[in-house]
Every structure is written in C-alpha cells, then in structure tokens.
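Chemist: Just one file: run-v6.pdb, with PDB, C-alpha atoms.
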ATOM      1  CA  MET A 309      39.128  95.552 -44.611
ATOM      2  CA  PRO A 310      36.194  93.477 -45.911
ATOM      3  CA  GLY A 311      36.352  89.802 -45.100
ATOM      4  CA  PRO A 312      37.310  87.180 -47.697
ATOM      5  CA  PRO A 313      34.788  84.915 -49.409
ATOM      6  CA  GLY A 314      33.066  82.703 -46.887
ATOM      7  CA  ALA A 315      34.119  84.764 -43.861
ATOM      8  CA  VAL A 316      30.678  85.950 -42.824
ATOM      9  CA  ALA A 317      29.276  82.780 -41.319
ATOM     10  CA  GLY A 318      32.622  81.366 -40.247
ATOM     11  CA  PRO A 319      33.388  77.721 -39.399
ATOM     12  CA  ARG A 320      31.988  75.722 -36.557
ATOM     13  CA  THR A 321      34.472  74.976 -33.765
ATOM     14  CA  ARG A 322      34.361  71.382 -32.657
ATOM     15  CA  ARG A 323      37.987  70.338 -32.378
ATOM     16  CA  SER A 324      40.739  70.833 -29.846
ATOM     17  CA  GLY A 325      44.303  69.541 -29.729
ATOM     18  CA  ALA A 326      46.894  69.710 -32.491
ATOM     19  CA  VAL A 327      46.002  70.933 -35.975
ATOM     20  CA  PRO A 328      45.795  67.786 -38.155
ATOM     21  CA  GLY A 329      48.698  67.579 -40.594
ATOM     22  CA  LEU A 330      50.689  70.360 -38.922
ATOM     23  CA  ARG A 331      54.413  69.635 -38.802
ATOM     24  CA  HIS A 332      55.516  69.769 -35.164
ATOM     25  CA  ARG A 333      57.671  67.956 -32.629
ATOM     26  CA  PRO A 334      55.697  66.514 -29.706
ATOM     27  CA  VAL A 335      56.969  67.415 -26.235
ATOM     28  CA  ALA A 336      56.400  66.141 -22.735
ATOM     29  CA  PRO A 337      53.783  67.921 -20.619
ATOM     30  CA  ALA A 338      55.000  70.863 -18.592
ATOM     31  CA  ASP A 339      56.200  70.166 -15.057
ATOM     32  CA  ALA A 340      53.141  71.271 -13.089
ATOM     33  CA  GLY A 341      55.139  72.247 -10.011
ATOM     34  CA  ARG A 342      57.547  74.476 -11.908
ATOM     35  CA  ALA A 343      54.714  76.062 -13.895
ATOM     36  CA  SER A 344      52.761  76.760 -10.712
ATOM     37  CA  GLU A 345      55.765  78.344  -9.015
ATOM     38  CA  VAL A 346      56.497  80.583 -12.023
ATOM     39  CA  ASP A 347      52.831  81.585 -12.124
ATOM     40  CA  ARG A 348      52.923  82.442  -8.411
ATOM     41  CA  ARG A 349      56.007  84.617  -8.855
ATOM     42  CA  LEU A 350      54.582  86.326 -11.944
ATOM     43  CA  GLU A 351      51.246  87.071 -10.344
ATOM     44  CA  ASP A 352      52.913  88.495  -7.235
ATOM     45  CA  TRP A 353      55.098  90.667  -9.470
ATOM     46  CA  ALA A 354      52.187  91.825 -11.623
ATOM     47  CA  ARG A 355      49.882  92.582  -8.697
ATOM     48  CA  GLY A 356      52.665  94.373  -6.849
ATOM     49  CA  LEU A 357      53.183  96.705  -9.808
ATOM     50  CA  ASP A 358      49.422  97.090 -10.386
ATOM     51  CA  LEU A 359      49.855  96.091 -14.028
ATOM     52  CA  PHE A 360      46.352  94.936 -14.927
ATOM     53  CA  PRO A 361      43.452  97.238 -15.854
ATOM     54  CA  GLU A 362      40.469  96.938 -13.493
ATOM     55  CA  THR A 363      38.299  95.588 -16.320
ATOM     56  CA  TRP A 364      40.428  92.454 -16.642
ATOM     57  CA  SER A 365      39.264  89.304 -14.918
ATOM     58  CA  GLY A 366      40.527  85.782 -15.399
ATOM     59  CA  ASP A 367      43.084  86.779 -17.990
ATOM     60  CA  PHE A 368      46.127  85.812 -15.945
ATOM     61  CA  SER A 369      45.122  82.257 -15.142
ATOM     62  CA  GLY A 370      43.614  81.708 -18.575
ATOM     63  CA  PHE A 371      46.791  82.668 -20.404
ATOM     64  CA  GLN A 372      48.862  80.142 -18.420
ATOM     65  CA  PHE A 373      52.108  82.145 -18.445
ATOM     66  CA  GLY A 374      53.942  79.724 -16.180
ATOM     67  CA  ARG A 375      53.081  76.672 -18.257
ATOM     68  CA  ALA A 376      53.998  78.582 -21.414
ATOM     69  CA  VAL A 377      57.548  79.423 -20.366
ATOM     70  CA  VAL A 378      58.161  76.010 -18.796
ATOM     71  CA  LEU A 379      57.179  74.378 -22.093
ATOM     72  CA  GLN A 380      59.142  76.878 -24.183
ATOM     73  CA  HIS A 381      62.366  76.703 -22.159
ATOM     74  CA  PRO A 382      62.915  73.080 -21.074
ATOM     75  CA  GLY A 383      66.645  73.759 -20.724
ATOM     76  CA  ALA A 384      66.229  76.791 -18.444
ATOM     77  CA  ALA A 385      69.092  77.171 -15.995
ATOM     78  CA  ASP A 386      66.844  77.950 -13.026
ATOM     79  CA  LEU A 387      63.467  79.276 -11.892
ATOM     80  CA  ASP A 388      64.760  82.848 -11.754
ATOM     81  CA  ARG A 389      65.511  82.793 -15.475
ATOM     82  CA  LEU A 390      62.171  81.171 -16.253
ATOM     83  CA  THR A 391      60.461  83.890 -14.250
ATOM     84  CA  ALA A 392      62.406  86.596 -16.103
ATOM     85  CA  ALA A 393      61.251  85.119 -19.416
ATOM     86  CA  GLY A 394      57.707  85.044 -18.071
ATOM     87  CA  LYS A 395      57.874  88.718 -17.089
ATOM     88  CA  LEU A 396      58.967  89.674 -20.606
ATOM     89  CA  LEU A 397      56.182  87.545 -22.121
ATOM     90  CA  LEU A 398      53.590  89.064 -19.794
ATOM     91  CA  ALA A 399      54.791  92.609 -20.551
ATOM     92  CA  GLU A 400      54.701  92.038 -24.312
ATOM     93  CA  ASN A 401      51.131  90.777 -24.107
ATOM     94  CA  LEU A 402      50.086  93.642 -21.852
ATOM     95  CA  VAL A 403      51.397  96.277 -24.269
ATOM     96  CA  ASP A 404      49.837  94.499 -27.248
ATOM     97  CA  SER A 405      46.423  94.236 -25.565
ATOM     98  CA  CYS A 406      46.343  97.713 -24.007
ATOM     99  CA  TYR A 407      47.948  99.690 -26.826
ATOM    100  CA  CYS A 408      47.316  97.805 -30.072
ATOM    101  CA  GLU A 409      44.278  95.491 -30.051
ATOM    102  CA  GLU A 410      41.238  97.660 -30.760
ATOM    103  CA  ASP A 411      38.889  94.699 -30.487
ATOM    104  CA  GLU A 412      39.948  94.074 -26.876
ATOM    105  CA  GLY A 413      37.811  96.985 -25.637
ATOM    106  CA  ARG A 414      40.555  98.078 -23.256
ATOM    107  CA  GLY A 415      41.283 101.563 -24.555
ATOM    108  CA  ALA A 416      43.667 100.444 -27.301
ATOM    109  CA  SER A 417      43.563 102.161 -30.681
ATOM    110  CA  HIS A 418      45.436 102.173 -33.971
ATOM    111  CA  ARG A 419      45.212 105.954 -33.908
ATOM    112  CA  GLY A 420      48.259 107.459 -32.218
ATOM    113  CA  LEU A 421      49.867 104.034 -31.768
ATOM    114  CA  GLY A 422      53.293 105.242 -32.880
ATOM    115  CA  GLY A 423      53.508 107.757 -30.058
ATOM    116  CA  ARG A 424      52.582 105.150 -27.451
ATOM    117  CA  LEU A 425      55.041 102.604 -28.807
ATOM    118  CA  VAL A 426      58.009 104.962 -28.977
ATOM    119  CA  LEU A 427      57.513 105.723 -25.274
ATOM    120  CA  ALA A 428      57.149 102.004 -24.582
ATOM    121  CA  GLN A 429      60.398 101.333 -26.450
ATOM    122  CA  SER A 430      62.126 103.841 -24.187
ATOM    123  CA  ALA A 431      61.137 101.736 -21.186
ATOM    124  CA  LEU A 432      63.502  99.117 -22.652
ATOM    125  CA  ASP A 433      66.029 101.474 -24.269
ATOM    126  CA  PRO A 434      66.423 104.273 -21.687
ATOM    127  CA  TYR A 435      66.391 107.979 -22.416
ATOM    128  CA  HIS A 436      69.718 109.814 -21.894
ATOM    129  CA  GLY A 437      69.835 113.579 -21.370
ATOM    130  CA  THR A 438      70.016 116.077 -18.544
ATOM    131  CA  PRO A 439      69.474 114.756 -15.012
ATOM    132  CA  GLU A 440      66.211 116.716 -14.711
ATOM    133  CA  LEU A 441      64.762 115.346 -17.945
ATOM    134  CA  GLU A 442      65.940 111.828 -17.156
ATOM    135  CA  GLU A 443      64.033 112.040 -13.866
ATOM    136  CA  GLU A 444      60.901 113.191 -15.705
ATOM    137  CA  TRP A 445      61.321 110.238 -18.071
ATOM    138  CA  ARG A 446      61.641 107.803 -15.138
ATOM    139  CA  GLN A 447      58.459 109.179 -13.628
ATOM    140  CA  GLY A 448      56.734 108.897 -17.014
ATOM    141  CA  MET A 449      57.655 105.221 -17.245
ATOM    142  CA  HIS A 450      55.384 104.514 -14.278
ATOM    143  CA  THR A 451      52.219 106.229 -15.492
ATOM    144  CA  ASP A 452      50.470 103.071 -16.676
ATOM    145  CA  GLY A 453      50.677  99.289 -16.404
ATOM    146  CA  PRO A 454      52.163  98.607 -19.867
ATOM    147  CA  LEU A 455      55.046 101.038 -19.303
ATOM    148  CA  ARG A 456      55.691  99.719 -15.803
ATOM    149  CA  SER A 457      55.694  96.150 -17.096
ATOM    150  CA  TYR A 458      58.282  96.892 -19.781
ATOM    151  CA  PHE A 459      60.475  98.951 -17.450
ATOM    152  CA  TRP A 460      60.714  96.417 -14.627
ATOM    153  CA  ALA A 461      60.706  93.280 -16.792
ATOM    154  CA  MET A 462      63.679  94.675 -18.703
ATOM    155  CA  LYS A 463      65.534  95.527 -15.477
ATOM    156  CA  ASP A 464      65.044  92.002 -14.166
ATOM    157  CA  PHE A 465      66.105  90.385 -17.456
ATOM    158  CA  ALA A 466      69.191  92.603 -17.789
ATOM    159  CA  ALA A 467      70.280  91.554 -14.294
ATOM    160  CA  LEU A 468      70.497  87.928 -15.496
ATOM    161  CA  ALA A 469      71.609  88.411 -19.115
ATOM    162  CA  THR A 470      74.863  89.685 -20.578
ATOM    163  CA  PRO A 471      74.913  93.245 -21.970
ATOM    164  CA  SER A 472      74.976  91.789 -25.487
ATOM    165  CA  GLN A 473      71.906  89.638 -24.813
ATOM    166  CA  ALA A 474      70.056  92.589 -23.301
ATOM    167  CA  THR A 475      70.851  94.755 -26.338
ATOM    168  CA  ARG A 476      69.727  91.959 -28.653
ATOM    169  CA  TYR A 477      66.380  91.872 -26.878
ATOM    170  CA  VAL A 478      65.966  95.665 -27.106
ATOM    171  CA  HIS A 479      66.575  95.553 -30.863
ATOM    172  CA  ASP A 480      64.137  92.676 -31.346
ATOM    173  CA  MET A 481      61.466  94.593 -29.458
ATOM    174  CA  ALA A 482      61.953  97.521 -31.844
ATOM    175  CA  ARG A 483      61.306  95.076 -34.688
ATOM    176  CA  LEU A 484      58.149  93.923 -32.925
ATOM    177  CA  HIS A 485      56.907  97.487 -32.526
ATOM    178  CA  LEU A 486      57.560  98.149 -36.222
ATOM    179  CA  GLY A 487      55.377  95.147 -37.022
ATOM    180  CA  TYR A 488      52.619  96.467 -34.752
ATOM    181  CA  LEU A 489      52.721  99.771 -36.639
ATOM    182  CA  GLY A 490      52.612  98.080 -40.036
ATOM    183  CA  GLU A 491      49.542  96.073 -39.122
ATOM    184  CA  ALA A 492      47.852  99.129 -37.585
ATOM    185  CA  GLY A 493      48.585 101.184 -40.705
ATOM    186  CA  TRP A 494      46.895  98.614 -42.916
ATOM    187  CA  ALA A 495      43.898  98.516 -40.585
ATOM    188  CA  GLU A 496      43.520 102.304 -40.702
ATOM    189  CA  THR A 497      43.620 102.440 -44.499
ATOM    190  CA  GLY A 498      41.731  99.192 -45.155
ATOM    191  CA  TYR A 499      44.664  97.844 -47.179
ATOM    192  CA  ARG A 500      44.449  94.238 -48.351
ATOM    193  CA  PRO A 501      48.005  92.848 -48.191
ATOM    194  CA  ARG A 502      49.197  90.188 -50.564
ATOM    195  CA  VAL A 503      50.260  86.938 -48.908
ATOM    196  CA  TRP A 504      53.968  87.737 -49.072
ATOM    197  CA  GLU A 505      53.334  91.248 -47.749
ATOM    198  CA  TYR A 506      51.383  89.874 -44.814
ATOM    199  CA  LEU A 507      54.136  87.392 -43.975
ATOM    200  CA  VAL A 508      56.758  90.155 -44.138
ATOM    201  CA  MET A 509      54.715  92.085 -41.569
ATOM    202  CA  ARG A 510      54.483  88.967 -39.404
ATOM    203  CA  GLN A 511      58.241  88.467 -39.563
ATOM    204  CA  PHE A 512      58.415  91.688 -37.535
ATOM    205  CA  ASN A 513      55.172  91.286 -35.571
ATOM    206  CA  ASN A 514      56.020  87.888 -34.165
ATOM    207  CA  PHE A 515      57.577  85.964 -31.274
ATOM    208  CA  ARG A 516      61.202  86.781 -32.074
ATOM    209  CA  PRO A 517      61.915  88.605 -28.778
ATOM    210  CA  CYS A 518      60.921  85.400 -26.961
ATOM    211  CA  LEU A 519      63.002  83.068 -29.122
ATOM    212  CA  SER A 520      66.178  85.125 -29.302
ATOM    213  CA  ILE A 521      66.615  84.962 -25.508
ATOM    214  CA  VAL A 522      66.827  81.159 -25.378
ATOM    215  CA  ASP A 523      70.553  81.226 -24.624
ATOM    216  CA  ALA A 524      70.105  83.742 -21.806
ATOM    217  CA  VAL A 525      67.350  81.643 -20.216
ATOM    218  CA  ASP A 526      69.452  78.485 -20.569
ATOM    219  CA  GLY A 527      72.373  80.178 -18.799
ATOM    220  CA  TYR A 528      74.952  80.690 -21.552
ATOM    221  CA  GLU A 529      75.654  83.183 -24.329
ATOM    222  CA  LEU A 530      75.766  82.664 -28.070
ATOM    223  CA  PRO A 531      78.541  85.152 -28.931
ATOM    224  CA  GLU A 532      77.440  88.187 -30.910
ATOM    225  CA  ALA A 533      79.852  87.330 -33.727
ATOM    226  CA  LEU A 534      78.040  84.004 -34.209
ATOM    227  CA  TYR A 535      74.540  85.337 -33.607
ATOM    228  CA  SER A 536      75.040  87.987 -36.312
ATOM    229  CA  ARG A 537      76.022  85.506 -39.023
ATOM    230  CA  PRO A 538      73.432  85.484 -41.851
ATOM    231  CA  GLU A 539      72.805  81.754 -41.571
ATOM    232  CA  VAL A 540      72.095  82.075 -37.823
ATOM    233  CA  GLN A 541      69.804  85.012 -38.462
ATOM    234  CA  ARG A 542      68.017  82.892 -41.061
ATOM    235  CA  ILE A 543      67.307  79.917 -38.792
ATOM    236  CA  THR A 544      66.165  82.354 -36.091
ATOM    237  CA  ALA A 545      63.771  84.019 -38.533
ATOM    238  CA  LEU A 546      62.493  80.684 -39.856
ATOM    239  CA  ALA A 547      61.760  79.448 -36.324
ATOM    240  CA  CYS A 548      59.985  82.696 -35.454
ATOM    241  CA  ASN A 549      57.959  82.683 -38.664
ATOM    242  CA  ALA A 550      56.894  79.063 -38.239
ATOM    243  CA  THR A 551      55.650  79.576 -34.704
ATOM    244  CA  THR A 552      53.879  82.797 -35.673
ATOM    245  CA  ILE A 553      51.916  80.954 -38.357
ATOM    246  CA  VAL A 554      51.057  78.419 -35.649
ATOM    247  CA  ASN A 555      49.563  81.285 -33.660
ATOM    248  CA  ASP A 556      47.533  82.367 -36.700
ATOM    249  CA  LEU A 557      46.167  78.859 -37.156
ATOM    250  CA  TYR A 558      45.163  78.366 -33.521
ATOM    251  CA  SER A 559      43.773  81.916 -33.180
ATOM    252  CA  PHE A 560      41.827  81.690 -36.435
ATOM    253  CA  THR A 561      38.326  80.965 -35.136
ATOM    254  CA  LYS A 562      38.691  83.392 -32.198
ATOM    255  CA  GLU A 563      39.657  86.212 -34.551
ATOM    256  CA  LEU A 564      36.846  85.722 -37.063
ATOM    257  CA  GLY A 565      34.591  87.818 -34.872
ATOM    258  CA  ASP A 566      36.490  90.868 -36.145
ATOM    259  CA  PRO A 567      36.231  90.949 -39.972
ATOM    260  CA  ALA A 568      39.052  93.525 -40.143
ATOM    261  CA  HIS A 569      41.522  91.327 -38.265
ATOM    262  CA  LEU A 570      44.291  89.816 -40.364
ATOM    263  CA  ASN A 571      45.622  86.300 -40.063
ATOM    264  CA  LEU A 572      47.219  84.053 -42.680
ATOM    265  CA  PRO A 573      44.112  82.015 -43.664
ATOM    266  CA  VAL A 574      42.046  85.204 -44.051
ATOM    267  CA  VAL A 575      44.744  86.802 -46.229
ATOM    268  CA  VAL A 576      45.127  83.645 -48.344
ATOM    269  CA  ALA A 577      41.350  83.455 -48.852
ATOM    270  CA  ALA A 578      41.173  87.095 -49.953
ATOM    271  CA  ASN A 579      44.075  86.772 -52.382
ATOM    272  CA  GLU A 580      43.273  83.383 -53.868
ATOM    273  CA  ARG A 581      39.512  83.963 -53.856
ATOM    274  CA  CYS A 582      38.828  80.684 -52.140
ATOM    275  CA  GLY A 583      36.831  79.592 -49.118
ATOM    276  CA  LEU A 584      38.189  79.698 -45.610
ATOM    277  CA  LYS A 585      38.671  75.939 -45.367
ATOM    278  CA  ALA A 586      40.873  75.815 -48.473
ATOM    279  CA  ALA A 587      42.767  78.893 -47.251
ATOM    280  CA  TYR A 588      43.309  77.359 -43.814
ATOM    281  CA  LEU A 589      44.681  74.130 -45.250
ATOM    282  CA  ARG A 590      46.919  76.123 -47.608
ATOM    283  CA  SER A 591      48.232  78.004 -44.572
ATOM    284  CA  VAL A 592      49.078  74.699 -42.879
ATOM    285  CA  GLU A 593      51.087  73.807 -45.987
ATOM    286  CA  ILE A 594      52.962  77.136 -45.891
ATOM    287  CA  HIS A 595      53.802  76.534 -42.228
ATOM    288  CA  ASN A 596      55.056  73.031 -42.913
ATOM    289  CA  ARG A 597      57.412  74.208 -45.643
ATOM    290  CA  VAL A 598      58.827  76.939 -43.401
ATOM    291  CA  MET A 599      59.214  74.447 -40.574
ATOM    292  CA  GLU A 600      60.969  71.939 -42.823
ATOM    293  CA  SER A 601      63.455  74.617 -43.911
ATOM    294  CA  PHE A 602      64.145  75.483 -40.280
ATOM    295  CA  GLU A 603      64.776  71.866 -39.335
ATOM    296  CA  THR A 604      66.990  71.132 -42.341
ATOM    297  CA  GLU A 605      69.085  74.281 -42.116
ATOM    298  CA  SER A 606      69.424  74.058 -38.345
ATOM    299  CA  ALA A 607      70.783  70.523 -38.624
ATOM    300  CA  LEU A 608      73.393  71.605 -41.184
ATOM    301  CA  LEU A 609      74.444  74.605 -39.109
ATOM    302  CA  SER A 610      74.652  72.576 -35.896
ATOM    303  CA  ALA A 611      76.949  69.926 -37.315
ATOM    304  CA  GLY A 612      80.171  71.905 -36.969
ATOM    305  CA  SER A 613      79.632  73.905 -33.765
ATOM    306  CA  PRO A 614      78.493  72.741 -30.314
ATOM    307  CA  VAL A 615      77.384  76.255 -29.286
ATOM    308  CA  LEU A 616      75.361  76.732 -32.487
ATOM    309  CA  ALA A 617      73.871  73.266 -31.979
ATOM    310  CA  ARG A 618      72.814  74.307 -28.479
ATOM    311  CA  TYR A 619      71.264  77.543 -29.749
ATOM    312  CA  ALA A 620      69.434  75.766 -32.596
ATOM    313  CA  GLN A 621      68.121  73.208 -30.096
ATOM    314  CA  GLY A 622      66.875  76.041 -27.902
ATOM    315  CA  LEU A 623      64.992  77.525 -30.851
ATOM    316  CA  SER A 624      63.522  74.122 -31.690
ATOM    317  CA  ASP A 625      62.505  73.582 -28.061
ATOM    318  CA  TRP A 626      60.757  76.969 -27.972
ATOM    319  CA  VAL A 627      58.850  76.265 -31.183
ATOM    320  CA  ALA A 628      57.799  72.810 -29.981
ATOM    321  CA  GLY A 629      56.835  73.987 -26.502
ATOM    322  CA  ASN A 630      54.871  76.918 -27.854
ATOM    323  CA  HIS A 631      52.960  74.604 -30.181
ATOM    324  CA  GLU A 632      52.084  72.384 -27.227
ATOM    325  CA  TRP A 633      50.864  75.429 -25.291
ATOM    326  CA  HIS A 634      48.610  76.469 -28.190
ATOM    327  CA  ALA A 635      47.314  72.960 -28.834
ATOM    328  CA  THR A 636      46.365  72.350 -25.197
ATOM    329  CA  ASN A 637      45.119  75.806 -24.156
ATOM    330  CA  SER A 638      41.396  75.240 -24.586
ATOM    331  CA  HIS A 639      40.671  78.430 -22.586
ATOM    332  CA  ARG A 640      41.937  80.500 -25.534
ATOM    333  CA  TYR A 641      41.836  78.333 -28.672
ATOM    334  CA  HIS A 642      39.453  76.094 -30.580
ATOM    335  CA  LEU A 643      40.041  74.664 -34.033
ATOM    336  CA  PRO A 644      37.671  75.023 -36.980
ATOM    337  CA  ASP A 645      35.660  71.972 -38.013
ATOM    338  CA  TYR A 646      37.627  71.397 -41.240
ATOM    339  CA  TRP A 647      38.550  67.713 -40.965
TER     340      TRP A 647
END
Kindly transcribe the structure held in the file into structure tokens.
Modeler:
Amino acid sequence: MPGPPGAVAGPRTRRSGAVPGLRHRPVAPADAGRASEVDRRLEDWARGLDLFPETWSGDFSGFQFGRAVVLQHPGAADLDRLTAAGKLLLAENLVDSCYCEEDEGRGASHRGLGGRLVLAQSALDPYHGTPELEEEWRQGMHTDGPLRSYFWAMKDFAALATPSQATRYVHDMARLHLGYLGEAGWAETGYRPRVWEYLVMRQFNNFRPCLSIVDAVDGYELPEALYSRPEVQRITALACNATTIVNDLYSFTKELGDPAHLNLPVVVAANERCGLKAAYLRSVEIHNRVMESFETESALLSAGSPVLARYAQGLSDWVAGNHEWHATNSHRYHLPDYW
C-alpha cells in the first residue's frame, strides 16, 4: 500500500512522555520490586521453554513485561496471577512477531498465515480425536517457540482461572487471530481501508484478550450471564478500542519505516488527503471520543451493580496502566515533533 501524502520524509522525533491532549487517567509508577519479580519469573519460564529465536537480543528487557502487567493490573490478587497474565502477554507478542510481522525479519510472513494461526489457536483450544492423533498434536505443539508459549501459558492461566474465564480467553484469542488475518489480507492485496474499516479490523486485532481477563487476575469472576450482556460487551470493546488507538499513536514514528504498515494516522491521512500531522491530531480526537464514551457508559453501568463496578474499574485500570507503559517506555516509543 503506498504511503499517504507526507509519509515519505516522516516527522522528526523529539518528544517522549504522554501524547499532548490525549485523554487518559494518570497512574502511580509501577512497584519496582513486583515488576522485577514478575520479570524474573517470566524470563526463567521463557528461557526454560526456549521460546526466543536465536536472533533476538535485548527484546525481553526492552519490552518491560513485568512493569507492563504490574501497571495494567493494580488490583491483582497475587504475584502468581500477575505472572500468568505476563505469560499470556509474552506469548501473544511472540506469535505476532514470529508469525505475522514481516518487517521484523524473523521469518514471519503474510503468506500462509492462516495455516500457522489455526495451529496456534489449537494450542489454546485443544484438538480432540483418537488417542494417537491427540499425541501427534501434543508433539506438534512443541515444534517452535510460539506454539510452546501459547500451550504452556494457557495451561498456567487455566489453572488459576475458572473454566468460564478460560473459555472467554480462548474465544477472544480467536478474535485476535481473525484481526491478524484481516490486516495480512489487506497487506497482500495492497488494499487501502477506509477509516471505519481500519477501526473494525483493529477491534479484532487489539488488546481484548488482555483486558477481558481482569477479573481472573484480580481473583474473582464476573459471571458469564453478566459478561455476555450487550452493554458489558460494549464497554469492554470501547476500552479495548481506546487502548489500541493509544498503541497506534505511540507506535506511529517507529512504524513509518515500513510504508505498507497500517496505523490510524496513516489511514486517516490517506483517506482525508491531509498531512501526517493533521491526521495524527485527528486520531487523537477519535481516541478521546472513544475514551469519553467508555468512561460515561462505564459509570452508568457501574451504578447499580458492585460486581460490574469492579469489572469496569479493572478495565479502566488496564487502560490507564497500559497508557503509562507506552508513555514511559522510551526503549520502544518516541513521539513525533507535532507540538
């Protein structure tokens, strides 16, 4: 896909910290001791399973997995649940980088992605058949780091979650994989999505699997009958969509090196035939309106139910903590010089 007007040179990157004008709730810094302990557990787990390709160096410490989950789950019941959330986050990023992101140079490709992802989904949603074929499947789940990461992260999460919470996560991962395939399909054909089309794709290719486990990490369960209500699904989707736009805004300058890569400012610029600065600021506005809807509707929904109030607070905490992680992770993100 050709870049939008003004994409060739790209902006200078001089700023760090929060995006000016972005609607967000400030949070306290992550507890350094808890983050360090989660990182230690995650690295031991990842090294023990030989998850990382040999070409990777510095990726683990630079991502700051421990600080991420400590910020995202301030109400976590214990370190074991924080670590389980960190394993899922690490596994999701490993599959995305090794299977989906062609620009990573790690063997990933849009071509044949569906076949890889359906096998990856089975690491979360096990195959059932004859004993002999089930054994072959189990052996197949250990053939590479991404499959091993999904398989064992899911086992560890399921040991702490209720069956309903585990099934919820499996379904949300299928949504994520559908989003990966949609984005890859556009890349293969060079399709230029309209803004609403792009945001539909990002409603699937987003952080929902991380947000919809907030009750499990906090040590309680939002009953399935409540979770399935349309208004609860809506606030969940709004929270996920807001934080995914945040990721687009903070990743913007890093992703400009690949003119085929889609993010919201690039899509806005292509559709509205404007420069990248105007498109970026328009994207901030879109985020703020989504975020305002989440806050308003969450407050209304929380008023009559303590358990829904707790769930909505968990979503809000995740969104706020994830923003803090993006805004302070100078290893990965730098803002454009637009202010």
Chemist: Restricting the calculation to only C-alpha atoms: of A:Glu491, A:Tyr619, A:Phe371, A:Glu442, which residue gets closest to Asn637 (chain A)?
Modeler: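 Checking each candidate against Asn637 (chain A), we get A:Phe371 as the closest.
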Chemist: Which one is closest to Gly629 (chain A): A:His569, A:Arg342, A:Arg375, A:Arg597? Count only C-alpha atoms.
Modeler: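 The shortest atom-to-atom distance to Gly629 (chain A) comes from A:Arg375.
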Chemist: Ranking A:Trp353, A:Ala492, A:Phe360, A:His639 by minimum distance to Gly422 (chain A) and counting all atoms listed in the file, which one comes first?
Modeler: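 Answer, going by the shortest atom-to-atom distance: A:Ala492.
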Chemist: Give me the residues near Gly394 (chain A) as a list of chain:residue names, where near means some atom within 8 Å (using all atoms listed in the file) and where sequence neighbours in that chain fewer than 5 positions away do not count.
Modeler: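 Neighbouring residues, sequence-local ones excluded: A:Val346, A:Leu350, A:Phe373, A:Gly374, A:Val377.
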Chemist: Excluding Arg424 (chain A) and any residue of its chain fewer than 3 positions from it, enumerate the residues within 10 Å of it, using only C-alpha atoms, and give them as a PyMOL selection string.
Modeler: chain A and resi 403+407-408+419-421+427-429+455
Chemist: Those same residues, written as a compact mmCIF listing (two decimals), keeping the file's coordinate frame with C-alpha atoms?
Modeler:
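File produced: out-v4.txt:
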# COMPACT_ATOMS: atom_id res chain seq x y z
CA VAL A 403 51.40 96.28 -24.27
CA TYR A 407 47.95 99.69 -26.83
CA CYS A 408 47.32 97.80 -30.07
CA ARG A 419 45.21 105.95 -33.91
CA GLY A 420 48.26 107.46 -32.22
CA LEU A 421 49.87 104.03 -31.77
CA LEU A 427 57.51 105.72 -25.27
CA ALA A 428 57.15 102.00 -24.58
CA GLN A 429 60.40 101.33 -26.45
CA LEU A 455 55.05 101.04 -19.30
Chemist: Mind pulling up the distance from CA of Leu616 (chain A) to CA of Val540 (chain A)?
Modeler: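 It comes out at 8.2 Å.
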Chemist: Between CA of Ala392 (chain A) and CA of Asp480 (chain A), measure the distance and give it in Å to one decimal.
Modeler: 16.5 Å
Chemist: What does the structure give for the distance between CA of Pro361 (chain A) and CA of Gly453 (chain A), in Å to one decimal?
Modeler: 7.5 Å
Chemist: For the provided coordinates, the residues matched by the PyMOL selection byres ((chain A and resi 592) around 12) should be stated as a ChimeraX atom specification.
Modeler: /A:326-332,550-558,560,572-573,576,585-591,593-599
Chemist: Which residues come within 12 Å of Gly448 (chain A), counting all atoms listed in the file, excluding same-chain residues fewer than 2 positions away, as a PDB file with C-alpha atoms, in the coordinates of the input?
Modeler:
ATOM      1  CA  ARG A 424      52.582 105.150 -27.451  1.00  0.00           C
ATOM      2  CA  LEU A 427      57.513 105.723 -25.274  1.00  0.00           C
ATOM      3  CA  ALA A 428      57.149 102.004 -24.582  1.00  0.00           C
ATOM      4  CA  SER A 430      62.126 103.841 -24.187  1.00  0.00           C
ATOM      5  CA  ALA A 431      61.137 101.736 -21.186  1.00  0.00           C
ATOM      6  CA  PRO A 434      66.423 104.273 -21.687  1.00  0.00           C
ATOM      7  CA  TYR A 435      66.391 107.979 -22.416  1.00  0.00           C
ATOM      8  CA  LEU A 441      64.762 115.346 -17.945  1.00  0.00           C
ATOM      9  CA  GLU A 442      65.940 111.828 -17.156  1.00  0.00           C
ATOM     10  CA  GLU A 443      64.033 112.040 -13.866  1.00  0.00           C
ATOM     11  CA  GLU A 444      60.901 113.191 -15.705  1.00  0.00           C
ATOM     12  CA  TRP A 445      61.321 110.238 -18.071  1.00  0.00           C
ATOM     13  CA  ARG A 446      61.641 107.803 -15.138  1.00  0.00           C
ATOM     14  CA  HIS A 450      55.384 104.514 -14.278  1.00  0.00           C
ATOM     15  CA  THR A 451      52.219 106.229 -15.492  1.00  0.00           C
ATOM     16  CA  ASP A 452      50.470 103.071 -16.676  1.00  0.00           C
ATOM     17  CA  GLY A 453      50.677  99.289 -16.404  1.00  0.00           C
ATOM     18  CA  PRO A 454      52.163  98.607 -19.867  1.00  0.00           C
ATOM     19  CA  LEU A 455      55.046 101.038 -19.303  1.00  0.00           C
ATOM     20  CA  ARG A 456      55.691  99.719 -15.803  1.00  0.00           C
ATOM     21  CA  PHE A 459      60.475  98.951 -17.450  1.00  0.00           C
TER      22      PHE A 459
END
Chemist: Got a sec to resolve the PyMOL selection byres ((chain A and resi 472) around 12) on this structure and send the residues as a list in words?
Modeler: Ala466, Leu468, Ala469, Thr470, Pro471, Gln473, Ala474, Thr475, Arg476, Tyr477, Val478, His479, Ser520, Ile521, Asp523, Ala524, Tyr528, Glu529, Leu530, Pro531, Glu532, Ala533, Tyr535 and Ser536 of chain A
Chemist: Around the point (52.3, 79.8, -23.5), in the coordinates given by the file, pick out the residues reaching within 12 Å, counting all atoms listed in the file, and return them as number ranges by chain.
Modeler: A: 338, 343, 347, 368-381, 393-394, 397-398, 401, 515, 518, 551, 555, 626-641
